[in-house]
file structure-v5.cif (mmCIF, C-alpha atoms)
data_coords
loop_
_atom_site.group_PDB
_atom_site.id
_atom_site.type_symbol
_atom_site.label_atom_id
_atom_site.label_comp_id
_atom_site.auth_asym_id
_atom_site.auth_seq_id
_atom_site.Cartn_x
_atom_site.Cartn_y
_atom_site.Cartn_z
ATOM 1 C CA MET U 1 -58.129 104.138 -51.206
ATOM 2 C CA ASP U 2 -60.193 100.969 -51.591
ATOM 3 C CA GLU U 3 -63.799 101.812 -52.496
ATOM 4 C CA LEU U 4 -65.190 99.659 -49.668
ATOM 5 C CA MET U 5 -63.261 101.780 -47.146
ATOM 6 C CA THR U 6 -65.329 104.819 -48.148
ATOM 7 C CA LEU U 7 -68.732 103.170 -47.767
ATOM 8 C CA PRO U 8 -71.103 104.267 -44.995
ATOM 9 C CA VAL U 9 -71.271 101.982 -41.982
ATOM 10 C CA ILE U 10 -73.707 99.144 -42.723
ATOM 11 C CA GLN U 11 -74.844 96.543 -40.246
ATOM 12 C CA PRO U 12 -73.422 93.096 -41.027
ATOM 13 C CA ASN U 13 -75.661 90.516 -42.650
ATOM 14 C CA ALA U 14 -75.954 88.503 -39.447
ATOM 15 C CA GLN U 15 -77.667 85.192 -40.102
ATOM 16 C CA PRO U 16 -80.536 84.150 -37.780
ATOM 17 C CA GLU U 17 -79.923 81.305 -35.380
ATOM 18 C CA GLY U 18 -81.389 77.848 -35.961
ATOM 19 C CA LEU U 19 -82.343 75.967 -39.105
ATOM 20 C CA ASN U 20 -85.605 75.783 -41.024
ATOM 21 C CA ALA U 21 -87.252 72.725 -42.596
ATOM 22 C CA LEU U 22 -84.837 72.952 -45.551
ATOM 23 C CA GLY U 23 -81.835 72.770 -43.241
ATOM 24 C CA GLN U 24 -80.951 76.417 -43.882
ATOM 25 C CA PRO U 25 -80.676 79.370 -41.491
ATOM 26 C CA ARG U 26 -84.082 80.623 -40.414
ATOM 27 C CA LYS U 27 -85.381 83.801 -42.011
ATOM 28 C CA PRO U 28 -84.647 86.964 -40.033
ATOM 29 C CA ASN U 29 -87.466 88.993 -38.520
ATOM 30 C CA TRP U 30 -87.433 91.536 -41.346
ATOM 31 C CA LEU U 31 -88.637 88.843 -43.786
ATOM 32 C CA ARG U 32 -91.777 87.899 -41.885
ATOM 33 C CA VAL U 33 -95.092 88.689 -43.590
ATOM 34 C CA LYS U 34 -98.737 88.474 -42.597
ATOM 35 C CA LEU U 35 -101.022 85.807 -43.994
ATOM 36 C CA PRO U 36 -103.393 87.106 -46.710
ATOM 37 C CA VAL U 37 -106.796 87.914 -45.196
ATOM 38 C CA GLY U 38 -109.597 90.469 -45.515
ATOM 39 C CA LYS U 39 -112.583 91.334 -47.684
ATOM 40 C CA GLU U 40 -110.606 92.823 -50.585
ATOM 41 C CA TYR U 41 -108.298 89.818 -50.666
ATOM 42 C CA ALA U 42 -111.331 87.515 -50.778
ATOM 43 C CA LYS U 43 -112.819 89.578 -53.621
ATOM 44 C CA VAL U 44 -109.685 89.288 -55.756
ATOM 45 C CA ARG U 45 -109.414 85.568 -54.942
ATOM 46 C CA SER U 46 -113.003 85.083 -56.131
ATOM 47 C CA ILE U 47 -112.497 86.943 -59.430
ATOM 48 C CA VAL U 48 -109.259 85.101 -60.199
ATOM 49 C CA ASP U 49 -110.979 81.761 -59.610
ATOM 50 C CA GLU U 50 -114.148 82.664 -61.525
ATOM 51 C CA TYR U 51 -112.244 83.749 -64.634
ATOM 52 C CA LYS U 52 -109.790 80.830 -64.407
ATOM 53 C CA LEU U 53 -106.793 83.146 -64.428
ATOM 54 C CA HIS U 54 -103.204 82.595 -63.375
ATOM 55 C CA THR U 55 -101.320 85.045 -61.179
ATOM 56 C CA ILE U 56 -97.604 85.255 -60.554
ATOM 57 C CA CYS U 57 -98.596 86.152 -57.001
ATOM 58 C CA GLU U 58 -99.510 82.492 -56.463
ATOM 59 C CA SER U 59 -97.233 80.738 -58.959
ATOM 60 C CA GLY U 60 -94.202 82.682 -57.759
ATOM 61 C CA ASN U 61 -95.009 82.402 -54.038
ATOM 62 C CA CYS U 62 -94.817 86.189 -53.693
ATOM 63 C CA PRO U 63 -94.502 87.346 -50.054
ATOM 64 C CA ASN U 64 -96.525 90.493 -50.796
ATOM 65 C CA MET U 65 -99.646 88.709 -52.044
ATOM 66 C CA GLY U 66 -101.608 89.585 -48.914
ATOM 67 C CA GLU U 67 -100.716 93.280 -49.108
ATOM 68 C CA CYS U 68 -101.337 93.643 -52.836
ATOM 69 C CA TRP U 69 -104.494 91.532 -53.022
ATOM 70 C CA GLY U 70 -105.752 93.267 -49.910
ATOM 71 C CA ALA U 71 -105.497 96.514 -51.861
ATOM 72 C CA GLY U 72 -107.561 94.988 -54.693
ATOM 73 C CA THR U 73 -104.687 94.490 -57.141
ATOM 74 C CA ALA U 74 -102.917 91.467 -58.636
ATOM 75 C CA THR U 75 -100.263 90.638 -61.206
ATOM 76 C CA PHE U 76 -101.803 88.461 -63.907
ATOM 77 C CA MET U 77 -99.780 85.788 -65.665
ATOM 78 C CA ILE U 78 -100.876 85.086 -69.224
ATOM 79 C CA LEU U 79 -99.999 82.280 -71.655
ATOM 80 C CA GLY U 80 -100.525 79.547 -69.083
ATOM 81 C CA ASN U 81 -98.630 78.581 -65.947
ATOM 82 C CA VAL U 82 -95.996 76.215 -67.373
ATOM 83 C CA CYS U 83 -92.694 77.776 -68.448
ATOM 84 C CA THR U 84 -90.300 76.470 -71.115
ATOM 85 C CA ARG U 85 -87.327 77.707 -69.073
ATOM 86 C CA SER U 86 -85.754 75.957 -66.082
ATOM 87 C CA CYS U 87 -84.320 78.867 -64.108
ATOM 88 C CA SER U 88 -82.869 77.623 -60.841
ATOM 89 C CA PHE U 89 -84.589 80.245 -58.670
ATOM 90 C CA CYS U 90 -88.172 80.239 -59.918
ATOM 91 C CA ALA U 91 -91.198 78.479 -58.392
ATOM 92 C CA VAL U 92 -93.203 78.481 -61.644
ATOM 93 C CA ALA U 93 -93.596 74.975 -63.107
ATOM 94 C CA THR U 94 -91.232 74.005 -65.946
ATOM 95 C CA GLY U 95 -92.249 71.751 -68.822
ATOM 96 C CA ARG U 96 -93.882 71.564 -72.229
ATOM 97 C CA PRO U 97 -96.865 73.949 -72.202
ATOM 98 C CA ASN U 98 -100.105 72.704 -73.757
ATOM 99 C CA GLU U 99 -102.185 75.758 -72.983
ATOM 100 C CA TYR U 100 -102.726 78.498 -75.535
ATOM 101 C CA ASP U 101 -106.014 80.206 -74.833
ATOM 102 C CA GLU U 102 -106.988 82.797 -77.439
ATOM 103 C CA ASP U 103 -109.837 83.946 -75.180
ATOM 104 C CA GLU U 104 -107.471 84.742 -72.308
ATOM 105 C CA PRO U 105 -106.999 88.434 -73.237
ATOM 106 C CA ARG U 106 -110.745 89.059 -72.909
ATOM 107 C CA ARG U 107 -110.953 87.308 -69.534
ATOM 108 C CA VAL U 108 -107.987 89.204 -68.155
ATOM 109 C CA ALA U 109 -109.447 92.513 -69.347
ATOM 110 C CA GLU U 110 -112.847 91.755 -67.825
ATOM 111 C CA ALA U 111 -111.302 90.755 -64.506
ATOM 112 C CA ILE U 112 -109.254 93.960 -64.347
ATOM 113 C CA LYS U 113 -112.398 95.964 -65.078
ATOM 114 C CA LEU U 114 -114.330 94.144 -62.325
ATOM 115 C CA MET U 115 -111.559 94.819 -59.825
ATOM 116 C CA GLY U 116 -111.567 98.484 -60.765
ATOM 117 C CA VAL U 117 -107.798 98.757 -60.501
ATOM 118 C CA LYS U 118 -106.070 101.974 -61.469
ATOM 119 C CA HIS U 119 -102.829 100.217 -62.391
ATOM 120 C CA ALA U 120 -102.521 96.655 -63.683
ATOM 121 C CA VAL U 121 -99.416 94.486 -63.972
ATOM 122 C CA ILE U 122 -99.338 91.690 -66.557
ATOM 123 C CA THR U 123 -96.587 89.106 -66.930
ATOM 124 C CA SER U 124 -96.160 85.696 -68.553
ATOM 125 C CA VAL U 125 -94.184 82.506 -68.587
ATOM 126 C CA ASN U 126 -91.579 82.011 -71.312
ATOM 127 C CA ARG U 127 -93.058 80.386 -74.417
ATOM 128 C CA ASP U 128 -89.901 79.583 -76.375
ATOM 129 C CA GLU U 129 -91.718 76.945 -78.413
ATOM 130 C CA LEU U 130 -93.932 79.590 -80.045
ATOM 131 C CA LYS U 131 -92.530 81.296 -83.128
ATOM 132 C CA ASP U 132 -93.702 84.715 -81.912
ATOM 133 C CA ARG U 133 -92.921 83.946 -78.219
ATOM 134 C CA GLY U 134 -96.595 84.613 -77.466
ATOM 135 C CA ALA U 135 -96.398 88.203 -78.723
ATOM 136 C CA ALA U 136 -99.846 88.127 -80.366
ATOM 137 C CA VAL U 137 -101.527 87.223 -77.065
ATOM 138 C CA TRP U 138 -99.500 89.901 -75.302
ATOM 139 C CA HIS U 139 -100.600 92.527 -77.823
ATOM 140 C CA ASP U 140 -104.261 91.509 -77.644
ATOM 141 C CA THR U 141 -104.301 91.447 -73.832
ATOM 142 C CA VAL U 142 -102.989 94.987 -73.433
ATOM 143 C CA LYS U 143 -105.257 96.225 -76.221
ATOM 144 C CA GLN U 144 -108.387 94.724 -74.632
ATOM 145 C CA VAL U 145 -107.525 96.034 -71.162
ATOM 146 C CA LYS U 146 -107.201 99.530 -72.621
ATOM 147 C CA LEU U 147 -110.516 99.161 -74.463
ATOM 148 C CA MET U 148 -112.421 98.026 -71.368
ATOM 149 C CA SER U 149 -110.621 100.224 -68.818
ATOM 150 C CA ALA U 150 -109.375 103.304 -70.636
ATOM 151 C CA SER U 151 -108.084 105.018 -67.489
ATOM 152 C CA THR U 152 -106.139 101.996 -66.232
ATOM 153 C CA THR U 153 -102.389 102.271 -66.593
ATOM 154 C CA ILE U 154 -100.461 99.097 -67.396
ATOM 155 C CA GLU U 155 -97.060 97.623 -66.711
ATOM 156 C CA THR U 156 -96.072 94.569 -68.739
ATOM 157 C CA LEU U 157 -93.339 92.352 -67.305
ATOM 158 C CA ILE U 158 -92.246 90.569 -70.453
ATOM 159 C CA PRO U 159 -90.001 87.515 -70.888
ATOM 160 C CA ASP U 160 -86.772 87.145 -72.842
ATOM 161 C CA VAL U 161 -87.702 87.021 -76.543
ATOM 162 C CA LYS U 162 -84.406 85.308 -77.469
ATOM 163 C CA ALA U 163 -83.498 88.173 -79.815
ATOM 164 C CA ASN U 164 -86.771 87.951 -81.757
ATOM 165 C CA TRP U 165 -86.953 91.728 -82.001
ATOM 166 C CA ASP U 166 -90.087 91.695 -84.176
ATOM 167 C CA ALA U 167 -91.841 89.837 -81.355
ATOM 168 C CA LEU U 168 -90.550 92.446 -78.902
ATOM 169 C CA ILE U 169 -92.087 95.303 -80.891
ATOM 170 C CA THR U 170 -95.420 93.454 -81.028
ATOM 171 C CA MET U 171 -95.339 92.992 -77.259
ATOM 172 C CA ILE U 172 -94.510 96.589 -76.347
ATOM 173 C CA SER U 173 -96.523 98.496 -78.961
ATOM 174 C CA PRO U 174 -100.201 98.284 -77.860
ATOM 175 C CA GLY U 175 -100.114 101.124 -75.322
ATOM 176 C CA GLN U 176 -98.746 100.057 -71.929
ATOM 177 C CA GLU U 177 -97.029 102.760 -69.902
ATOM 178 C CA VAL U 178 -94.186 100.682 -68.411
ATOM 179 C CA VAL U 179 -92.290 97.745 -69.936
ATOM 180 C CA SER U 180 -90.299 95.590 -67.544
ATOM 181 C CA HIS U 181 -87.861 92.761 -68.238
ATOM 182 C CA ASN U 182 -86.069 91.264 -65.251
ATOM 183 C CA MET U 183 -82.306 90.757 -65.304
ATOM 184 C CA GLU U 184 -82.753 88.642 -62.127
ATOM 185 C CA THR U 185 -79.068 88.567 -61.127
ATOM 186 C CA VAL U 186 -75.580 89.888 -61.857
ATOM 187 C CA LYS U 187 -73.621 88.837 -64.937
ATOM 188 C CA GLU U 188 -71.251 86.500 -63.096
ATOM 189 C CA LEU U 189 -74.112 84.317 -61.796
ATOM 190 C CA TYR U 190 -76.106 84.005 -65.025
ATOM 191 C CA ARG U 191 -74.984 80.516 -65.993
ATOM 192 C CA ARG U 192 -76.042 79.153 -62.597
ATOM 193 C CA VAL U 193 -79.200 81.223 -62.076
ATOM 194 C CA ARG U 194 -80.550 81.689 -65.631
ATOM 195 C CA PRO U 195 -78.904 78.944 -67.745
ATOM 196 C CA GLN U 196 -81.145 79.557 -70.801
ATOM 197 C CA ALA U 197 -80.732 83.319 -70.775
ATOM 198 C CA LYS U 198 -77.902 85.698 -71.637
ATOM 199 C CA TYR U 199 -76.984 88.785 -69.636
ATOM 200 C CA ASP U 200 -76.026 90.895 -72.649
ATOM 201 C CA ARG U 201 -79.136 89.830 -74.576
ATOM 202 C CA SER U 202 -81.409 90.938 -71.746
ATOM 203 C CA LEU U 203 -79.576 94.266 -71.602
ATOM 204 C CA GLU U 204 -80.130 94.650 -75.343
ATOM 205 C CA GLN U 205 -83.826 93.929 -74.890
ATOM 206 C CA ILE U 206 -84.045 96.751 -72.345
ATOM 207 C CA ARG U 207 -82.091 99.076 -74.642
ATOM 208 C CA ARG U 208 -84.327 98.342 -77.629
ATOM 209 C CA THR U 209 -87.413 98.893 -75.481
ATOM 210 C CA LYS U 210 -86.083 102.286 -74.397
ATOM 211 C CA GLU U 211 -85.237 103.215 -77.983
ATOM 212 C CA TYR U 212 -88.849 102.429 -78.915
ATOM 213 C CA GLY U 213 -89.882 105.128 -76.452
ATOM 214 C CA LYS U 214 -91.093 103.122 -73.456
ATOM 215 C CA ARG U 215 -90.443 103.609 -69.758
ATOM 216 C CA THR U 216 -88.117 100.730 -68.895
ATOM 217 C CA LYS U 217 -87.809 98.667 -65.726
ATOM 218 C CA THR U 218 -85.964 95.609 -64.412
ATOM 219 C CA GLY U 219 -85.497 93.612 -61.212
ATOM 220 C CA ILE U 220 -82.548 91.884 -59.543
ATOM 221 C CA MET U 221 -82.586 89.365 -56.675
ATOM 222 C CA LEU U 222 -79.922 89.628 -53.977
ATOM 223 C CA GLY U 223 -78.585 86.969 -51.645
ATOM 224 C CA LEU U 224 -77.442 84.518 -54.325
ATOM 225 C CA GLY U 225 -73.746 85.093 -53.672
ATOM 226 C CA GLU U 226 -73.178 88.303 -55.620
ATOM 227 C CA THR U 227 -70.591 90.853 -54.473
ATOM 228 C CA ARG U 228 -71.172 94.559 -54.024
ATOM 229 C CA GLU U 229 -68.899 95.343 -56.955
ATOM 230 C CA GLN U 230 -70.967 93.034 -59.177
ATOM 231 C CA VAL U 231 -74.174 94.786 -58.131
ATOM 232 C CA TYR U 232 -72.599 98.174 -58.871
ATOM 233 C CA GLN U 233 -71.520 96.951 -62.320
ATOM 234 C CA ALA U 234 -75.035 95.718 -63.064
ATOM 235 C CA MET U 235 -76.368 99.161 -62.138
ATOM 236 C CA ASP U 236 -73.863 100.819 -64.467
ATOM 237 C CA ASP U 237 -74.790 98.413 -67.281
ATOM 238 C CA LEU U 238 -78.481 99.161 -66.783
ATOM 239 C CA THR U 239 -77.896 102.908 -66.842
ATOM 240 C CA ALA U 240 -75.874 102.575 -70.056
ATOM 241 C CA ASN U 241 -78.735 100.661 -71.678
ATOM 242 C CA GLY U 242 -81.522 103.068 -70.743
ATOM 243 C CA CYS U 243 -83.150 101.434 -67.721
ATOM 244 C CA ASP U 244 -85.359 103.886 -65.823
ATOM 245 C CA ILE U 245 -86.525 101.801 -62.856
ATOM 246 C CA LEU U 246 -84.777 99.100 -60.793
ATOM 247 C CA THR U 247 -86.212 96.828 -58.102
ATOM 248 C CA LEU U 248 -83.949 94.983 -55.661
ATOM 249 C CA GLY U 249 -85.243 92.261 -53.343
ATOM 250 C CA GLN U 250 -84.116 89.279 -51.285
ATOM 251 C CA TYR U 251 -83.999 85.887 -53.005
ATOM 252 C CA LEU U 252 -85.934 83.208 -51.107
ATOM 253 C CA GLN U 253 -85.568 79.520 -51.954
ATOM 254 C CA PRO U 254 -88.965 78.130 -53.104
ATOM 255 C CA THR U 255 -88.130 74.409 -52.630
ATOM 256 C CA LYS U 256 -85.168 72.110 -51.946
ATOM 257 C CA MET U 257 -84.816 71.710 -55.721
ATOM 258 C CA HIS U 258 -83.926 75.383 -56.162
ATOM 259 C CA LEU U 259 -80.793 77.365 -55.389
ATOM 260 C CA GLU U 260 -80.060 77.855 -51.716
ATOM 261 C CA VAL U 261 -79.934 81.325 -50.195
ATOM 262 C CA ALA U 262 -76.302 82.394 -49.900
ATOM 263 C CA GLU U 263 -77.072 85.143 -47.392
ATOM 264 C CA PHE U 264 -79.883 87.265 -46.036
ATOM 265 C CA ILE U 265 -79.172 90.860 -47.012
ATOM 266 C CA HIS U 266 -79.663 93.353 -44.182
ATOM 267 C CA PRO U 267 -82.160 96.201 -44.777
ATOM 268 C CA ASP U 268 -79.348 98.727 -44.279
ATOM 269 C CA LEU U 269 -77.507 97.315 -47.281
ATOM 270 C CA PHE U 270 -80.697 97.475 -49.350
ATOM 271 C CA ASP U 271 -80.927 101.172 -48.410
ATOM 272 C CA HIS U 272 -77.326 101.643 -49.502
ATOM 273 C CA TYR U 273 -78.000 99.983 -52.857
ATOM 274 C CA ARG U 274 -80.958 102.303 -53.399
ATOM 275 C CA GLU U 275 -78.720 105.332 -52.964
ATOM 276 C CA GLU U 276 -76.025 103.813 -55.189
ATOM 277 C CA GLY U 277 -78.524 103.119 -57.975
ATOM 278 C CA LEU U 278 -79.789 106.689 -57.928
ATOM 279 C CA LYS U 279 -76.255 108.042 -57.819
ATOM 280 C CA ARG U 280 -75.323 105.941 -60.855
ATOM 281 C CA GLY U 281 -78.154 107.321 -62.976
ATOM 282 C CA ILE U 282 -81.201 105.070 -62.465
ATOM 283 C CA LYS U 283 -84.245 107.312 -62.067
ATOM 284 C CA TYR U 284 -86.128 105.254 -59.470
ATOM 285 C CA VAL U 285 -84.932 102.398 -57.248
ATOM 286 C CA GLU U 286 -87.255 100.253 -55.128
ATOM 287 C CA SER U 287 -84.976 98.353 -52.737
ATOM 288 C CA GLY U 288 -85.831 96.186 -49.730
ATOM 289 C CA PRO U 289 -85.912 92.583 -48.510
ATOM 290 C CA LEU U 290 -89.533 91.973 -49.525
ATOM 291 C CA VAL U 291 -89.487 94.007 -52.742
ATOM 292 C CA ARG U 292 -90.576 92.095 -55.847
ATOM 293 C CA SER U 293 -90.724 93.380 -59.421
ATOM 294 C CA SER U 294 -94.381 94.448 -59.250
ATOM 295 C CA TYR U 295 -94.249 95.816 -55.681
ATOM 296 C CA HIS U 296 -95.549 99.417 -55.587
ATOM 297 C CA ALA U 297 -95.708 99.256 -59.385
ATOM 298 C CA GLU U 298 -98.261 102.078 -59.480
ATOM 299 C CA ARG U 299 -95.502 104.456 -58.359
ATOM 300 C CA HIS U 300 -93.393 103.678 -61.420
ATOM 301 C CA VAL U 301 -95.769 105.018 -64.083
ATOM 302 C CA ASN U 302 -94.671 108.647 -63.871
ATOM 303 C CA VAL U 303 -90.942 108.200 -63.273
#
call {"tool": "encode", "arguments": {"input": "structure-v5.cif", "output": "structure tokens"}}
result
Amino acid sequence: MDELMTLPVIQPNAQPEGLNALGQPRKPNWLRVKLPVGKEYAKVRSIVDEYKLHTICESGNCPNMGECWGAGTATFMILGNVCTRSCSFCAVATGRPNEYDEDEPRRVAEAIKLMGVKHAVITSVNRDELKDRGAAVWHDTVKQVKLMSASTTIETLIPDVKANWDALITMISPGQEVVSHNMETVKELYRRVRPQAKYDRSLEQIRRTKEYGKRTKTGIMLGLGETREQVYQAMDDLTANGCDILTLGQYLQPTKMHLEVAEFIHPDLFDHYREEGLKRGIKYVESGPLVRSSYHAERHVNV
């Protein structure tokens, strides 16, 4: 019998009526979020500005910024805010970076200490023009956070090192509890979504990270035109390469220059994918329309 015939009943991905400013179907109700407000949000905003730090929350137009900043947490983006990659889904600026701040690790560590966070997430742009891919700054940042906030656990969401495995070891060795590297999409869509990346290379990066002894994590966006079978295959590939944690969320088009949304995935299907991921051997799956790679990251430390 065809596998799809045995699936539980899932509501169809009905598209909302009407068009938005981009000429696309309007977002369904389940994708609406509250504007960021409140005292804790204002506190984080102030610290980020004072220390001249970048956050992926802002650069990536994250829909959970209000919730996370309201809880006194943020995902810091080191090594500047200009990326050497031109991925067709990402809102971060692309170009030739001119920023390389050796004092950035100290400022990030001090900001995390001031916020008093129990769990910090650190990510970065791709720095392909650097011989070590920015690994030295990565190492120093994690090291200084641990020195200033010994009880703070850390997740590092690291970029593709383009098979520079020495750089990978430098990035993942200073003591963080979770190492994440996002696959972003299924294998069949890589050339369109991540033209400067390779599906198998990213899988190898996750495998090598696991072999080093780290808790491994990745994220995939849905709604780019992938099929269920392709999502299942990605889950199987991740399990085979030692991935512990998977996040699944809805892709949202940042601007007209980026890929259009192929469909809005219904929450019921996200729930189904969560169960499928667990069934296929992934230890923890965070799956929902508004889930992003650092959403509820504090829960992933002890998986």
call {"tool": "residues_around", "arguments": {"input": "structure-v5.cif", "residues": "stretch 274-288 of chain U", "least_positions_apart": "3", "cutoff": "7 Å", "atoms": "only C-alpha atoms", "output": "list in words"}}
result
Met235, Asp236, Thr239, Cys243, Asp244, Ile245, Leu246, Thr247, Leu248, Gly249, Pro267, Phe270, Asp271, Val291 and Val303 of chain U
call {"tool": "atom_distance", "arguments": {"input": "structure-v5.cif", "atom1": "atom CA of U:Leu79", "atom2": "atom CA of U:Ser124"}}
result
6.0 Å
call {"tool": "residues_near_point", "arguments": {"input": "structure-v5.cif", "point": "(-98.9, 73.0, -77.6)", "cutoff": "12 Å", "atoms": "only C-alpha atoms", "output": "list in words"}}
result
Leu79, Gly80, Val82, Thr84, Gly95, Arg96, Pro97, Asn98, Glu99, Tyr100, Asp101, Arg127, Asp128, Glu129, Leu130, Lys131 and Gly134 of chain U
call {"tool": "write_last_selection", "arguments": {"input": "structure-v5.cif", "atoms": "C-alpha atoms", "output": "CSV table (one decimal), in the frame of the given file"}}
result
chain,number,residue,atom,x,y,z
U,79,LEU,CA,-100.0,82.3,-71.7
U,80,GLY,CA,-100.5,79.5,-69.1
U,82,VAL,CA,-96.0,76.2,-67.4
U,84,THR,CA,-90.3,76.5,-71.1
U,95,GLY,CA,-92.2,71.8,-68.8
U,96,ARG,CA,-93.9,71.6,-72.2
U,97,PRO,CA,-96.9,73.9,-72.2
U,98,ASN,CA,-100.1,72.7,-73.8
U,99,GLU,CA,-102.2,75.8,-73.0
U,100,TYR,CA,-102.7,78.5,-75.5
U,101,ASP,CA,-106.0,80.2,-74.8
U,127,ARG,CA,-93.1,80.4,-74.4
U,128,ASP,CA,-89.9,79.6,-76.4
U,129,GLU,CA,-91.7,76.9,-78.4
U,130,LEU,CA,-93.9,79.6,-80.0
U,131,LYS,CA,-92.5,81.3,-83.1
U,134,GLY,CA,-96.6,84.6,-77.5
call {"tool": "residues_near_point", "arguments": {"input": "structure-v5.cif", "point": "(-99.8, 90.6, -84.5)", "cutoff": "10 Å", "atoms": "all atoms listed in the file", "output": "tab-separated table (two decimals) with C-alpha atoms, in the frame of the given file"}}
result
chain	number	residue	atom	x	y	z
U	132	ASP	CA	-93.70	84.72	-81.91
U	134	GLY	CA	-96.60	84.61	-77.47
U	135	ALA	CA	-96.40	88.20	-78.72
U	136	ALA	CA	-99.85	88.13	-80.37
U	137	VAL	CA	-101.53	87.22	-77.06
U	138	TRP	CA	-99.50	89.90	-75.30
U	139	HIS	CA	-100.60	92.53	-77.82
U	140	ASP	CA	-104.26	91.51	-77.64
U	166	ASP	CA	-90.09	91.70	-84.18
U	167	ALA	CA	-91.84	89.84	-81.36
U	169	ILE	CA	-92.09	95.30	-80.89
U	170	THR	CA	-95.42	93.45	-81.03
U	171	MET	CA	-95.34	92.99	-77.26
call {"tool": "resolve_selection", "arguments": {"input": "structure-v5.cif", "expression": "the PyMOL selection byres ((chain U and resi 106-108) around 9)", "output": "VMD selection string"}}
result
chain U and resid 51 to 53 76 78 102 to 105 109 to 113 140 to 141 144 to 145
call {"tool": "write_last_selection", "arguments": {"input": "structure-v5.cif", "atoms": "C-alpha atoms", "output": "PDB file, in the coordinates of the input"}}
result
ATOM      1  CA  TYR U  51    -112.244  83.749 -64.634  1.00  0.00           C
ATOM      2  CA  LYS U  52    -109.790  80.830 -64.407  1.00  0.00           C
ATOM      3  CA  LEU U  53    -106.793  83.146 -64.428  1.00  0.00           C
ATOM      4  CA  PHE U  76    -101.803  88.461 -63.907  1.00  0.00           C
ATOM      5  CA  ILE U  78    -100.876  85.086 -69.224  1.00  0.00           C
ATOM      6  CA  GLU U 102    -106.988  82.797 -77.439  1.00  0.00           C
ATOM      7  CA  ASP U 103    -109.837  83.946 -75.180  1.00  0.00           C
ATOM      8  CA  GLU U 104    -107.471  84.742 -72.308  1.00  0.00           C
ATOM      9  CA  PRO U 105    -106.999  88.434 -73.237  1.00  0.00           C
ATOM     10  CA  ALA U 109    -109.447  92.513 -69.347  1.00  0.00           C
ATOM     11  CA  GLU U 110    -112.847  91.755 -67.825  1.00  0.00           C
ATOM     12  CA  ALA U 111    -111.302  90.755 -64.506  1.00  0.00           C
ATOM     13  CA  ILE U 112    -109.254  93.960 -64.347  1.00  0.00           C
ATOM     14  CA  LYS U 113    -112.398  95.964 -65.078  1.00  0.00           C
ATOM     15  CA  ASP U 140    -104.261  91.509 -77.644  1.00  0.00           C
ATOM     16  CA  THR U 141    -104.301  91.447 -73.832  1.00  0.00           C
ATOM     17  CA  GLN U 144    -108.387  94.724 -74.632  1.00  0.00           C
ATOM     18  CA  VAL U 145    -107.525  96.034 -71.162  1.00  0.00           C
TER      19      VAL U 145
END
call {"tool": "closest_residue", "arguments": {"input": "structure-v5.cif", "among": "U:Val179, U:Ile172, U:Val193, U:Val121", "to": "U:Glu226", "atoms": "only C-alpha atoms"}}
result
U:Val193
